[in-house]
Structure formats: C-alpha cells, structure tokens
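Novice: structure_1.cif is reproduced in full below (mmCIF, N, CA and C atoms).
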data_model
loop_
_atom_site.label_atom_id
_atom_site.label_comp_id
_atom_site.auth_asym_id
_atom_site.auth_seq_id
_atom_site.Cartn_x
_atom_site.Cartn_y
_atom_site.Cartn_z
N MET A 18 9.42 15.03 20.16
CA MET A 18 9.23 14.60 21.53
C MET A 18 8.73 13.17 21.57
N SER A 19 9.45 12.34 22.27
CA SER A 19 9.11 10.92 22.25
C SER A 19 7.88 10.57 23.07
N ASP A 20 7.51 11.41 24.06
CA ASP A 20 6.35 11.09 24.87
C ASP A 20 5.05 11.63 24.28
N GLU A 21 5.14 12.29 23.15
CA GLU A 21 3.97 12.84 22.48
C GLU A 21 3.38 11.79 21.54
N ILE A 22 2.07 11.63 21.59
CA ILE A 22 1.39 10.66 20.73
C ILE A 22 0.90 11.37 19.48
N GLU A 23 1.18 10.79 18.34
CA GLU A 23 0.78 11.35 17.06
C GLU A 23 -0.03 10.31 16.31
N SER A 24 -0.94 10.78 15.46
CA SER A 24 -1.68 9.83 14.64
C SER A 24 -1.60 10.27 13.18
N ALA A 25 -1.79 9.32 12.30
CA ALA A 25 -1.74 9.59 10.87
C ALA A 25 -2.73 8.68 10.16
N GLN A 26 -3.20 9.15 9.02
CA GLN A 26 -4.04 8.32 8.15
C GLN A 26 -3.13 7.64 7.15
N ILE A 27 -3.34 6.35 6.97
CA ILE A 27 -2.56 5.59 5.99
C ILE A 27 -3.54 5.11 4.94
N GLN A 28 -3.42 5.65 3.73
CA GLN A 28 -4.31 5.28 2.64
C GLN A 28 -3.62 4.21 1.80
N VAL A 29 -4.25 3.06 1.69
CA VAL A 29 -3.71 1.95 0.93
C VAL A 29 -4.52 1.85 -0.37
N PHE A 30 -3.82 1.94 -1.50
CA PHE A 30 -4.49 1.93 -2.79
C PHE A 30 -4.32 0.59 -3.47
N GLY A 31 -5.31 0.20 -4.25
CA GLY A 31 -5.23 -1.02 -5.04
C GLY A 31 -5.97 -0.82 -6.34
N ALA A 32 -5.63 -1.61 -7.33
CA ALA A 32 -6.31 -1.53 -8.61
C ALA A 32 -7.78 -1.89 -8.45
N ASP A 33 -8.04 -2.77 -7.51
CA ASP A 33 -9.39 -3.24 -7.21
C ASP A 33 -9.65 -2.91 -5.74
N PRO A 34 -10.81 -2.34 -5.42
CA PRO A 34 -11.10 -2.01 -4.02
C PRO A 34 -10.98 -3.19 -3.07
N ARG A 35 -11.36 -4.37 -3.51
CA ARG A 35 -11.24 -5.55 -2.64
C ARG A 35 -9.77 -5.88 -2.39
N HIS A 36 -8.95 -5.69 -3.41
CA HIS A 36 -7.52 -5.93 -3.27
C HIS A 36 -6.91 -4.91 -2.29
N ALA A 37 -7.35 -3.67 -2.36
CA ALA A 37 -6.85 -2.65 -1.43
C ALA A 37 -7.19 -3.03 0.00
N GLU A 38 -8.35 -3.60 0.22
CA GLU A 38 -8.74 -4.01 1.57
C GLU A 38 -7.86 -5.14 2.08
N VAL A 39 -7.59 -6.11 1.22
CA VAL A 39 -6.72 -7.22 1.60
C VAL A 39 -5.32 -6.70 1.95
N GLU A 40 -4.81 -5.81 1.11
CA GLU A 40 -3.49 -5.23 1.35
C GLU A 40 -3.48 -4.42 2.65
N ALA A 41 -4.55 -3.66 2.91
CA ALA A 41 -4.62 -2.86 4.13
C ALA A 41 -4.64 -3.74 5.37
N ARG A 42 -5.33 -4.86 5.29
CA ARG A 42 -5.36 -5.78 6.43
C ARG A 42 -3.96 -6.33 6.69
N GLU A 43 -3.23 -6.63 5.62
CA GLU A 43 -1.86 -7.14 5.77
C GLU A 43 -0.95 -6.08 6.39
N LEU A 44 -1.05 -4.84 5.90
CA LEU A 44 -0.24 -3.76 6.45
C LEU A 44 -0.61 -3.50 7.91
N ARG A 45 -1.89 -3.58 8.23
CA ARG A 45 -2.33 -3.38 9.61
C ARG A 45 -1.65 -4.39 10.53
N GLU A 46 -1.56 -5.64 10.10
CA GLU A 46 -0.90 -6.67 10.93
C GLU A 46 0.58 -6.37 11.11
N VAL A 47 1.23 -5.87 10.06
CA VAL A 47 2.65 -5.51 10.16
C VAL A 47 2.83 -4.39 11.18
N LEU A 48 1.99 -3.38 11.10
CA LEU A 48 2.11 -2.22 12.00
C LEU A 48 1.72 -2.54 13.43
N ARG A 49 0.83 -3.50 13.61
CA ARG A 49 0.44 -3.89 14.97
C ARG A 49 1.60 -4.49 15.75
N ARG A 50 2.60 -5.02 15.06
CA ARG A 50 3.75 -5.62 15.72
C ARG A 50 4.72 -4.59 16.29
N LEU A 51 4.54 -3.33 15.92
CA LEU A 51 5.43 -2.28 16.41
C LEU A 51 5.06 -1.92 17.85
N ASP A 52 6.08 -1.74 18.68
CA ASP A 52 5.85 -1.39 20.08
C ASP A 52 5.10 -0.05 20.18
N GLY A 53 4.03 -0.05 20.94
CA GLY A 53 3.29 1.18 21.21
C GLY A 53 2.39 1.67 20.09
N ALA A 54 2.32 0.93 18.99
CA ALA A 54 1.49 1.37 17.86
C ALA A 54 0.09 0.78 17.96
N GLN A 55 -0.89 1.60 17.67
CA GLN A 55 -2.28 1.15 17.60
C GLN A 55 -2.76 1.44 16.18
N VAL A 56 -3.37 0.44 15.56
CA VAL A 56 -3.81 0.58 14.18
C VAL A 56 -5.25 0.11 14.07
N ARG A 57 -6.06 0.90 13.40
CA ARG A 57 -7.46 0.52 13.18
C ARG A 57 -7.91 1.04 11.84
N PHE A 58 -8.99 0.47 11.33
CA PHE A 58 -9.57 0.99 10.10
C PHE A 58 -10.33 2.26 10.40
N ALA A 59 -10.23 3.25 9.52
CA ALA A 59 -10.98 4.49 9.67
C ALA A 59 -12.44 4.21 9.38
N GLN A 60 -13.31 5.01 9.96
CA GLN A 60 -14.74 4.88 9.68
C GLN A 60 -14.99 5.23 8.22
N SER A 61 -15.86 4.49 7.58
CA SER A 61 -16.20 4.73 6.19
C SER A 61 -16.93 6.05 6.07
N GLU A 62 -16.65 6.77 5.00
CA GLU A 62 -17.34 8.04 4.77
C GLU A 62 -18.64 7.84 4.01
N ALA A 63 -18.97 6.60 3.69
CA ALA A 63 -20.20 6.34 2.96
C ALA A 63 -21.40 6.66 3.84
N THR A 64 -22.35 7.34 3.27
CA THR A 64 -23.55 7.67 4.03
C THR A 64 -24.66 6.73 3.62
N GLY A 65 -25.65 6.65 4.46
CA GLY A 65 -26.76 5.76 4.14
C GLY A 65 -26.59 4.45 4.87
N SER A 66 -27.48 3.51 4.56
CA SER A 66 -27.39 2.22 5.21
C SER A 66 -27.81 1.14 4.24
N GLY A 67 -27.63 -0.09 4.67
CA GLY A 67 -28.06 -1.23 3.85
C GLY A 67 -27.13 -1.47 2.68
N GLU A 68 -27.69 -2.04 1.63
CA GLU A 68 -26.90 -2.42 0.46
C GLU A 68 -26.28 -1.21 -0.23
N HIS A 69 -26.96 -0.07 -0.23
CA HIS A 69 -26.41 1.11 -0.89
C HIS A 69 -25.09 1.54 -0.25
N ALA A 70 -25.02 1.51 1.07
CA ALA A 70 -23.79 1.88 1.77
C ALA A 70 -22.68 0.89 1.48
N LYS A 71 -23.02 -0.40 1.45
CA LYS A 71 -22.01 -1.42 1.16
C LYS A 71 -21.46 -1.26 -0.25
N SER A 72 -22.33 -0.99 -1.23
CA SER A 72 -21.85 -0.83 -2.60
C SER A 72 -21.02 0.43 -2.74
N ALA A 73 -21.35 1.49 -2.00
CA ALA A 73 -20.55 2.71 -2.05
C ALA A 73 -19.15 2.45 -1.49
N GLU A 74 -19.05 1.64 -0.42
CA GLU A 74 -17.75 1.31 0.15
C GLU A 74 -16.90 0.52 -0.83
N LEU A 75 -17.50 -0.39 -1.57
CA LEU A 75 -16.75 -1.21 -2.51
C LEU A 75 -16.21 -0.41 -3.69
N LEU A 76 -16.80 0.75 -3.97
CA LEU A 76 -16.34 1.56 -5.08
C LEU A 76 -15.16 2.46 -4.69
N THR A 77 -14.81 2.47 -3.42
CA THR A 77 -13.70 3.29 -2.96
C THR A 77 -12.38 2.64 -3.37
N PRO A 78 -11.48 3.38 -4.04
CA PRO A 78 -10.23 2.80 -4.50
C PRO A 78 -9.15 2.71 -3.44
N GLU A 79 -9.48 3.07 -2.21
CA GLU A 79 -8.49 3.05 -1.14
C GLU A 79 -9.13 2.58 0.16
N VAL A 80 -8.29 2.14 1.05
CA VAL A 80 -8.71 1.76 2.40
C VAL A 80 -7.85 2.59 3.34
N VAL A 81 -8.46 3.18 4.35
CA VAL A 81 -7.72 4.07 5.24
C VAL A 81 -7.55 3.43 6.62
N LEU A 82 -6.30 3.40 7.07
CA LEU A 82 -5.96 2.95 8.41
C LEU A 82 -5.59 4.18 9.24
N ILE A 83 -5.84 4.12 10.52
CA ILE A 83 -5.41 5.17 11.43
C ILE A 83 -4.33 4.56 12.32
N LEU A 84 -3.15 5.15 12.30
CA LEU A 84 -2.02 4.69 13.10
C LEU A 84 -1.75 5.70 14.20
N THR A 85 -1.69 5.25 15.41
CA THR A 85 -1.34 6.11 16.55
C THR A 85 -0.10 5.52 17.20
N THR A 86 0.93 6.35 17.34
CA THR A 86 2.18 5.89 17.93
C THR A 86 2.96 7.07 18.47
N GLY A 87 3.99 6.79 19.24
CA GLY A 87 4.84 7.84 19.80
C GLY A 87 5.83 8.39 18.78
N THR A 88 6.29 7.54 17.89
CA THR A 88 7.24 7.97 16.86
C THR A 88 6.94 7.28 15.55
N PHE A 89 7.09 8.01 14.47
CA PHE A 89 6.80 7.43 13.16
C PHE A 89 8.04 6.90 12.45
N ALA A 90 9.21 7.06 13.05
CA ALA A 90 10.44 6.60 12.39
C ALA A 90 10.39 5.10 12.11
N LEU A 91 10.03 4.31 13.12
CA LEU A 91 9.95 2.87 12.93
C LEU A 91 8.78 2.50 12.03
N ALA A 92 7.66 3.18 12.19
CA ALA A 92 6.49 2.91 11.34
C ALA A 92 6.81 3.21 9.88
N ARG A 93 7.51 4.29 9.63
CA ARG A 93 7.88 4.67 8.26
C ARG A 93 8.74 3.57 7.63
N THR A 94 9.70 3.06 8.39
CA THR A 94 10.57 1.99 7.90
C THR A 94 9.76 0.74 7.59
N ALA A 95 8.83 0.40 8.48
CA ALA A 95 8.00 -0.80 8.28
C ALA A 95 7.09 -0.64 7.07
N ILE A 96 6.51 0.53 6.89
CA ILE A 96 5.63 0.78 5.74
C ILE A 96 6.42 0.70 4.45
N LYS A 97 7.60 1.35 4.41
CA LYS A 97 8.42 1.32 3.20
C LYS A 97 8.82 -0.11 2.84
N ALA A 98 9.24 -0.89 3.83
CA ALA A 98 9.63 -2.28 3.58
C ALA A 98 8.44 -3.08 3.06
N TRP A 99 7.25 -2.85 3.62
CA TRP A 99 6.05 -3.58 3.19
C TRP A 99 5.68 -3.20 1.76
N VAL A 100 5.75 -1.92 1.43
CA VAL A 100 5.38 -1.45 0.10
C VAL A 100 6.35 -1.97 -0.95
N ASP A 101 7.64 -2.01 -0.63
CA ASP A 101 8.66 -2.39 -1.61
C ASP A 101 8.54 -3.83 -2.10
N VAL A 102 7.75 -4.65 -1.43
CA VAL A 102 7.62 -6.05 -1.82
C VAL A 102 6.92 -6.22 -3.16
N ARG A 103 5.95 -5.36 -3.46
CA ARG A 103 5.18 -5.48 -4.71
C ARG A 103 5.08 -4.15 -5.43
N LYS A 104 5.25 -4.22 -6.72
CA LYS A 104 5.16 -3.03 -7.55
C LYS A 104 3.78 -2.40 -7.48
N SER A 105 2.75 -3.20 -7.27
CA SER A 105 1.37 -2.70 -7.28
C SER A 105 0.98 -1.98 -5.99
N ARG A 106 1.82 -2.04 -4.97
CA ARG A 106 1.46 -1.43 -3.69
C ARG A 106 1.73 0.08 -3.71
N LYS A 107 0.74 0.82 -3.20
CA LYS A 107 0.88 2.27 -3.09
C LYS A 107 0.22 2.71 -1.80
N VAL A 108 0.96 3.51 -1.03
CA VAL A 108 0.47 3.97 0.26
C VAL A 108 0.73 5.47 0.37
N ARG A 109 -0.25 6.18 0.90
CA ARG A 109 -0.10 7.61 1.19
C ARG A 109 -0.34 7.79 2.69
N VAL A 110 0.64 8.41 3.36
CA VAL A 110 0.52 8.68 4.79
C VAL A 110 0.25 10.18 4.95
N VAL A 111 -0.88 10.49 5.58
CA VAL A 111 -1.25 11.88 5.84
C VAL A 111 -1.08 12.10 7.34
N HIS A 112 -0.06 12.89 7.71
CA HIS A 112 0.24 13.15 9.11
C HIS A 112 -0.72 14.19 9.68
N SER A 113 -0.81 14.24 11.00
CA SER A 113 -1.74 15.15 11.66
C SER A 113 -1.43 16.62 11.36
N ASP A 114 -0.19 16.94 11.00
CA ASP A 114 0.16 18.33 10.66
C ASP A 114 -0.11 18.65 9.19
N GLY A 115 -0.66 17.67 8.45
CA GLY A 115 -1.02 17.90 7.05
C GLY A 115 0.04 17.48 6.05
N THR A 116 1.23 17.12 6.50
CA THR A 116 2.26 16.67 5.56
C THR A 116 1.89 15.29 5.03
N VAL A 117 2.30 15.05 3.79
CA VAL A 117 1.96 13.80 3.11
C VAL A 117 3.24 13.12 2.66
N THR A 118 3.31 11.81 2.90
CA THR A 118 4.41 10.99 2.42
C THR A 118 3.81 9.86 1.60
N GLU A 119 4.34 9.65 0.39
CA GLU A 119 3.82 8.57 -0.46
C GLU A 119 4.91 7.53 -0.69
N PHE A 120 4.47 6.28 -0.74
CA PHE A 120 5.36 5.16 -1.02
C PHE A 120 4.78 4.38 -2.19
N GLN A 121 5.61 4.03 -3.16
CA GLN A 121 5.20 3.23 -4.30
C GLN A 121 6.02 1.96 -4.29
N GLY A 122 5.38 0.84 -4.63
CA GLY A 122 6.05 -0.45 -4.61
C GLY A 122 7.29 -0.49 -5.48
N GLY A 123 8.16 -1.40 -5.14
CA GLY A 123 9.42 -1.54 -5.86
C GLY A 123 9.38 -2.66 -6.87
N VAL A 124 10.39 -3.45 -6.85
CA VAL A 124 10.55 -4.55 -7.79
C VAL A 124 9.57 -5.67 -7.43
N SER A 125 8.93 -6.22 -8.44
CA SER A 125 7.99 -7.31 -8.18
C SER A 125 8.74 -8.60 -7.88
N GLY A 126 8.07 -9.53 -7.25
CA GLY A 126 8.66 -10.83 -6.94
C GLY A 126 9.13 -11.55 -8.19
N ARG A 127 8.39 -11.44 -9.27
CA ARG A 127 8.76 -12.06 -10.54
C ARG A 127 10.07 -11.47 -11.06
N GLU A 128 10.24 -10.14 -10.91
CA GLU A 128 11.46 -9.50 -11.36
C GLU A 128 12.66 -9.92 -10.49
N VAL A 129 12.45 -10.05 -9.20
CA VAL A 129 13.52 -10.51 -8.31
C VAL A 129 13.95 -11.92 -8.69
N GLN A 130 12.97 -12.78 -8.95
CA GLN A 130 13.29 -14.16 -9.34
C GLN A 130 14.07 -14.19 -10.65
N ALA A 131 13.67 -13.34 -11.61
CA ALA A 131 14.38 -13.28 -12.89
C ALA A 131 15.82 -12.83 -12.68
N LEU A 132 16.02 -11.85 -11.79
CA LEU A 132 17.38 -11.40 -11.50
C LEU A 132 18.21 -12.50 -10.86
N ARG A 133 17.59 -13.26 -9.96
CA ARG A 133 18.29 -14.36 -9.30
C ARG A 133 18.65 -15.46 -10.29
N ASP A 134 17.79 -15.67 -11.27
CA ASP A 134 18.02 -16.71 -12.28
C ASP A 134 18.98 -16.26 -13.37
N GLY A 135 19.47 -15.01 -13.29
CA GLY A 135 20.41 -14.52 -14.28
C GLY A 135 19.78 -13.99 -15.54
N GLN A 136 18.50 -13.68 -15.49
CA GLN A 136 17.80 -13.18 -16.67
C GLN A 136 17.58 -11.68 -16.57
N GLY A 137 18.29 -11.01 -15.70
CA GLY A 137 18.07 -9.58 -15.45
C GLY A 137 18.28 -8.71 -16.67
N GLY A 138 19.22 -9.06 -17.56
CA GLY A 138 19.49 -8.25 -18.73
C GLY A 138 18.60 -8.55 -19.91
N ARG A 139 17.86 -9.66 -19.85
CA ARG A 139 17.02 -10.08 -20.97
C ARG A 139 15.69 -9.35 -20.95
N ARG A 140 15.31 -8.78 -22.08
CA ARG A 140 14.02 -8.10 -22.15
C ARG A 140 12.97 -9.04 -22.67
N ASP A 141 11.75 -8.78 -22.29
CA ASP A 141 10.61 -9.55 -22.77
C ASP A 141 10.48 -9.36 -24.28
N ASP A 142 10.33 -10.46 -25.03
CA ASP A 142 10.25 -10.37 -26.49
C ASP A 142 9.11 -9.47 -26.95
N ARG A 143 8.04 -9.41 -26.20
CA ARG A 143 6.90 -8.59 -26.60
C ARG A 143 7.24 -7.10 -26.54
N THR A 144 8.15 -6.69 -25.65
CA THR A 144 8.48 -5.28 -25.53
C THR A 144 9.77 -4.94 -26.26
N ALA A 145 10.57 -5.95 -26.61
CA ALA A 145 11.86 -5.69 -27.22
C ALA A 145 11.72 -5.32 -28.70
N THR A 146 10.66 -5.71 -29.34
CA THR A 146 10.48 -5.45 -30.77
C THR A 146 9.38 -4.43 -30.97
N ASP A 147 9.69 -3.42 -31.74
CA ASP A 147 8.69 -2.42 -32.08
C ASP A 147 7.80 -2.98 -33.17
N PRO A 148 6.47 -2.98 -33.02
CA PRO A 148 5.58 -3.54 -34.06
C PRO A 148 5.77 -2.86 -35.40
N GLY A 149 6.25 -1.64 -35.41
CA GLY A 149 6.45 -0.94 -36.67
C GLY A 149 7.67 -1.43 -37.43
N ASP A 150 8.52 -2.25 -36.79
CA ASP A 150 9.72 -2.77 -37.45
C ASP A 150 9.45 -3.97 -38.33
N GLU A 151 8.27 -4.58 -38.21
CA GLU A 151 7.97 -5.76 -39.03
C GLU A 151 7.80 -5.35 -40.49
N ARG A 152 8.33 -6.18 -41.37
CA ARG A 152 8.26 -5.86 -42.80
C ARG A 152 7.57 -6.93 -43.56
#
Now, as a test, write the supplied structure out as structure tokens.
Specialist:
Amino acid sequence: MSDEIESAQIQVFGADPRHAEVEARELREVLRRLDGAQVRFAQSEATGSGEHAKSAELLTPEVVLILTTGTFALARTAIKAWVDVRKSRKVRVVHSDGTVTEFQGGVSGREVQALRDGQGGRRDDRTATDPGDER
C-alpha cells in the first residue's frame, strides 16, 4: 500500500567506528534526497553519561539510521547504489516486520580504474606467487 508509512533501521558498518559514522552521514544525505523519506540517527543504546557514554558509543562497530518512507523500492535502489561504490561498505536493513536485507560493497574505485586502464587481467605480484614456490 503506497499510502502506508513504514520505517526501517539501517545499520552501517565500518572497520573503524568513526569511519562507520562518516559513511552513515553520507548515506543519510543520499536518502534525504528521496521524495517523502525522513532519515535520522537512532538514539544510542549506551547508558550512563559523560565520558563513559561517549567512549561506549565509539566502541560500537555500526551506526544506525532510521528511515521512514511510503515505499522502500526507491530507497533500496539508492542504498544498493551507494554501497556498491566501495568494497568496504556494508549495510543491514532491518524492516519493521523483522525481515533483514544486507548489502555488501562491490568493486573498489582502484579496481574500476585498473579495469579502465586495461589491467583487469593482471594479478598483483604479491598474490600471484605462492611463497612456497621459492627455491
């Protein structure tokens, strides 16, 4: 139903918690451009106050966004396109009905450039030779 409003949690993962926050802010801006979509950061689950709460937040490997929209078809396309830009990007969407959709980054920018430069078939010398082959 198109007039029904649905919300979902979007978990953005990063190797470093600070990196995950930067990536989540970027994804939030992408999703804000969608008609009728509202995106905000979820409240932190860290308890306590002061420096202890801040340090607990920094140890979290993910940042959670809450997306509210009438339809997720366009949002899903936007999330997938955003994730595919970098191999390191990983997003988990938890819908209000409990279903989960995960997206993992695709080809890195460096790999795309190598393909454009005609080096797509060439393997990195460090990985092409097995260390056990040396005599």
Novice: For Arg57 (chain A), find every residue with an atom within 8 Å (counting all atoms listed in the file), except residues of its own chain fewer than 4 positions away, and show them as a PyMOL selection string.
Specialist: chain A and resi 45+81-85
Novice: Compare A:Thr118, A:Arg127, A:Val56, A:Gly135 by their minimum atom-to-atom distance to Arg93 (chain A), counting only C-alpha atoms, and give me the closest one.
Specialist: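 Comparing A:Thr118, A:Arg127, A:Val56, A:Gly135 against Arg93 (chain A), the winner is A:Thr118.
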Novice: What is the distance between atom C of Lys107 (chain A) and CA of Arg133 (chain A), in Å to one decimal?
Specialist: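 Going from atom C of Lys107 (chain A) over to CA of Arg133 (chain A) covers 26.0 Å.
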Novice: To one decimal place in Å, what is the distance between atom N of Gly115 (chain A) and atom N of Thr88 (chain A)?
Specialist: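 Going from atom N of Gly115 (chain A) over to atom N of Thr88 (chain A), I get 15.5 Å.
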Novice: Run DSSP on the backbone and tell me which residues of region 79-108 of chain A come out as helix (DSSP H, G or I); list them as a short mmCIF file (atom, residue, chain, number, x, y, z; two decimals) with N, CA and C atoms, in the coordinates of the input.
Specialist:
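For reference, result_1.cif as written:
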data_model
loop_
_atom_site.label_atom_id
_atom_site.label_comp_id
_atom_site.auth_asym_id
_atom_site.auth_seq_id
_atom_site.Cartn_x
_atom_site.Cartn_y
_atom_site.Cartn_z
N ALA A 90 9.21 7.06 13.05
CA ALA A 90 10.44 6.60 12.39
C ALA A 90 10.39 5.10 12.11
N LEU A 91 10.03 4.31 13.12
CA LEU A 91 9.95 2.87 12.93
C LEU A 91 8.78 2.50 12.03
N ALA A 92 7.66 3.18 12.19
CA ALA A 92 6.49 2.91 11.34
C ALA A 92 6.81 3.21 9.88
N ARG A 93 7.51 4.29 9.63
CA ARG A 93 7.88 4.67 8.26
C ARG A 93 8.74 3.57 7.63
N THR A 94 9.70 3.06 8.39
CA THR A 94 10.57 1.99 7.90
C THR A 94 9.76 0.74 7.59
N ALA A 95 8.83 0.40 8.48
CA ALA A 95 8.00 -0.80 8.28
C ALA A 95 7.09 -0.64 7.07
N ILE A 96 6.51 0.53 6.89
CA ILE A 96 5.63 0.78 5.74
C ILE A 96 6.42 0.70 4.45
N LYS A 97 7.60 1.35 4.41
CA LYS A 97 8.42 1.32 3.20
C LYS A 97 8.82 -0.11 2.84
N ALA A 98 9.24 -0.89 3.83
CA ALA A 98 9.63 -2.28 3.58
C ALA A 98 8.44 -3.08 3.06
N TRP A 99 7.25 -2.85 3.62
CA TRP A 99 6.05 -3.58 3.19
C TRP A 99 5.68 -3.20 1.76
N VAL A 100 5.75 -1.92 1.43
CA VAL A 100 5.38 -1.45 0.10
C VAL A 100 6.35 -1.97 -0.95
#
Novice: Ranking A:Ile22, A:Gly123, A:Asp52, A:Val117 by minimum distance to Val102 (chain A) and counting only N, CA and C atoms, which one comes first?
Specialist: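 Comparing A:Ile22, A:Gly123, A:Asp52, A:Val117 against Val102 (chain A), the winner is A:Gly123.
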Novice: Would you work out the distance separating atom C of Gly31 (chain A) from CA of Gly53 (chain A), expressed in Å to one decimal?
Specialist: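 Between atom C of Gly31 (chain A) and CA of Gly53 (chain A) the gap is 29.1 Å.
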Novice: Step by step, work through what the PyMOL selection byres ((chain A and resi 119) around 8) selects in the shown file, and finish by giving those residues as a list in words.
Specialist: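 Applying the PyMOL selection byres ((chain A and resi 119) around 8) to the structure shown produces Lys107, Val108, Arg109, Val110, Val111, Thr116, Val117, Thr118, Phe120, Gln121 and Gly122 of chain A.
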Novice: In terms of the shortest atom-to-atom distance over only C-alpha atoms, which of A:Lys97, A:Arg103, A:Gly87, A:Ala59 is closest to Glu40 (chain A)?
Specialist: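 Under the stated criterion, the closest residue is A:Arg103.
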Novice: For a quick check of understanding, using only C-alpha atoms, which of A:Leu132, A:Asp101, A:Glu46, A:Gln60 has the smallest distance to Val80 (chain A)?
Specialist: A:Gln60
Novice: Smallest atom-to-atom distance to Gln28 (chain A): which of A:Asp134, A:Val129, A:Glu79, A:Asp114, using only N, CA and C atoms?
Specialist: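 Using only N, CA and C atoms, the shortest distance to Gln28 (chain A) belongs to A:Glu79.
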